[in-house]
2 protein chains.
Amino acid sequence: MSNNKRERRGLMLILSGPSGAGKTALSHLLLDEYKDMELSISSTTRAPRRGEVDGKDYNFVDEDTFQNMAENDDFLEWAEVFGALYGTPKAAVEAALGKGRDVLFDIDWQGAQQLKQAAASDLVKVFILPPNLKELEARLRKRDQDHDSVIAERMARARDEISHWGEYHYVIVNEDVESSMDDLRAILSAERRLRKRQPWLAGFVRNMTQPFN
Amino acid sequence: MSNNKRERRGLMLILSGPSGAGKTALSHLLLDEYKDMELSISSTTRAPRRGEVDGKDYNFVDEDTFQNMAENDDFLEWAEVFGALYGTPKAAVEAALGKGRDVLFDIDWQGAQQLKQAAASDLVKVFILPPNLKELEARLRKRDQDHDSVIAERMARARDEISHWGEYHYVIVNEDVESSMDDLRAILSAERRLRKRQPWLAGFVRNMTQPFN
């Protein structure tokens, strides 16, 4: 009779890619499909926008609280953007991973690079590429009717984001959502099976190799 | 119009585990299912046994040929076992990987450790565990009617092999062949998608981010 509780350690799934490549749609599909996956919720000092829910879209905190957390090393990463502070609380992520839940991050290359407080072995980094940039530009134009200069600026930002594809474990060319989901399912399926994510194995092998009585 | 030849680099799939855990059965199933996978064929100086086919079971070579290959650094690993020399020819493996074919190795922990001439990034190491050692002992007894002392020696060897489970990327507890095959399919599916195994991506991104004419 053995204690066969096979609890895995969760992983941090990072999805990056240029805006318009489809990573947010893929994130929603993943969260719908995988009940043991949750979206990382950042803390921020900026005011909630219309429709944003505290504890769901962000944890809205005041500047003192944020600074205290930063000083206590309570963030996996934090940064200032347009005068507001944003950070990823360490405790929530660690609690999820310890319970065998995966945490999804929909962040750009800078956010991914800044997750330096996380154990490298927890990170599964996936870069989502568009099939081509004309397609991406078309998607951006369809999304909102902006001036050409705004589109040009976004395309420059997309090129900058794409230039970091080499920093990721996996690269998915998002030609259609269903085959990209197949790729993500395969990645999750294998990454969840890695020895390092199966802490129960050590006890299992110890029990197995004990001399019989 | 882009040149979308998406040729992946093959991987070296190492299956290790104690004799009787089922890795040879899994190897046969993998080779049946994956037409782009081949079994690594060792070179040896020992004489062919009845039924063994040169170039299929082993490459049978004379001692001079073997020694020359060893001196020319033509083996990924080689070793002497009971007076005969055994080695894994580097060129055949490299040719397969370069053509996007996977190479399967059904070897023990010593063989796996000795593959030090291979690029670490090519290796996918999977350890096959039996569900328990009583089951393994039963399988060994069923396999051939040996004396207790022979069984005891094999069980000691099994324990030694099992003690190396921590050196592998993945560990599969082979409770039933079909679910172990599912695990192996998931592993192959994800490992084949890793960025490092997709050399075409560099050109793909370069083409994509070139300024339009």
# chains A, B, ... in the order shown; residues from 1 in each chain; ligands from 1
$ interface_residues --of "chain A" --to "chain B" --cutoff "6 Å" --atoms "only C-alpha atoms" --output "number ranges by chain"
A: 132, 169-171, 186-187, 189-190, 194-195, 208
$ select_by_dssp --residues "chain B" --states "alpha helix (DSSP H)" --output "number ranges by chain"
B: 23-33, 63-71, 90-98, 109-114, 133-143, 148-162, 177-191, 200-209
$ residues_around --residues "Met69 (chain B)" --least-positions-apart "5" --cutoff "10 Å" --atoms "only C-alpha atoms" --output "count of residues only"
7
$ closest_residue --among "A:Glu153, A:Asp106, A:Glu175, A:Glu161" --to "Glu38 (chain A)" --atoms "only C-alpha atoms"
A:Asp106
$ closest_residue --among "B:Ser19, B:Ala84, B:Ser42, B:Val150" --to "Lys56 (chain B)" --atoms "only C-alpha atoms"
B:Ser42
$ select_by_dssp --residues "region 70-181 of chain B" --states "strand (DSSP E or B)" --output "PyMOL selection string"
chain B and resi 75-81+84-89+102-106+123-129+170-173
$ closest_residue --among "A:Ser121, A:Asn72, A:Thr65, A:Ser149" --to "Leu11 (chain A)" --atoms "only C-alpha atoms"
A:Ser121
$ atom_distance --atom1 "CA of Phe60 (chain A)" --atom2 "CA of Tyr86 (chain A)"
9.7 Å
$ residues_around --residues "Asp36 (chain B)" --least-positions-apart "2" --cutoff "10 Å" --atoms "only C-alpha atoms" --output "list of chain:residue names"
B:Gly10, B:Leu31, B:Asp32, B:Glu33, B:Tyr34, B:Glu38, B:Ala96, B:Lys99, B:Gly100, B:Arg101, B:Asp102, B:Val103
$ closest_residue --among "A:Leu85, A:Leu29, A:Ile151, A:Ile107" --to "Thr44 (chain A)" --atoms "only C-alpha atoms"
A:Leu85
$ residues_around --residues "Arg139 (chain A)" --least-positions-apart "4" --cutoff "7 Å" --atoms "only C-alpha atoms" --output "PyMOL selection string"
chain A and resi 20+135+143
$ write_last_selection --atoms "C-alpha atoms" --output "PDB file, in the first residue's frame"
ATOM      1  CA  GLY A  20      -2.252  41.719 -32.640  1.00  0.00           C
ATOM      2  CA  GLU A 135      -1.663  40.352 -41.497  1.00  0.00           C
ATOM      3  CA  ARG A 143      -9.191  46.755 -34.291  1.00  0.00           C
TER       4      ARG A 143
END
$ residues_around --residues "Gly98 (chain B)" --least-positions-apart "4" --cutoff "9 Å" --atoms "only C-alpha atoms" --output "list in words"
Arg8, Arg9, Gly10, Val93 and Glu94 of chain B
$ residues_around --residues "Asp62 (chain B)" --least-positions-apart "4" --cutoff "10 Å" --atoms "only C-alpha atoms" --output "short mmCIF file (atom, residue, chain, number, x, y, z; two decimals) with C-alpha atoms, in the first residue's frame"
data_model
loop_
_atom_site.label_atom_id
_atom_site.label_comp_id
_atom_site.auth_asym_id
_atom_site.auth_seq_id
_atom_site.Cartn_x
_atom_site.Cartn_y
_atom_site.Cartn_z
CA SER B 43 29.00 -0.75 -33.77
CA THR B 44 30.58 -3.76 -32.08
CA THR B 45 33.62 -5.97 -32.41
CA ARG B 46 31.85 -9.03 -31.04
CA ALA B 47 30.73 -11.80 -33.40
CA PHE B 66 36.72 0.16 -34.29
CA GLN B 67 39.99 1.47 -32.87
CA LEU B 85 33.92 -3.05 -27.90
#
$ atom_distance --atom1 "CA of Lys23 (chain A)" --atom2 "CA of Phe105 (chain A)"
10.3 Å
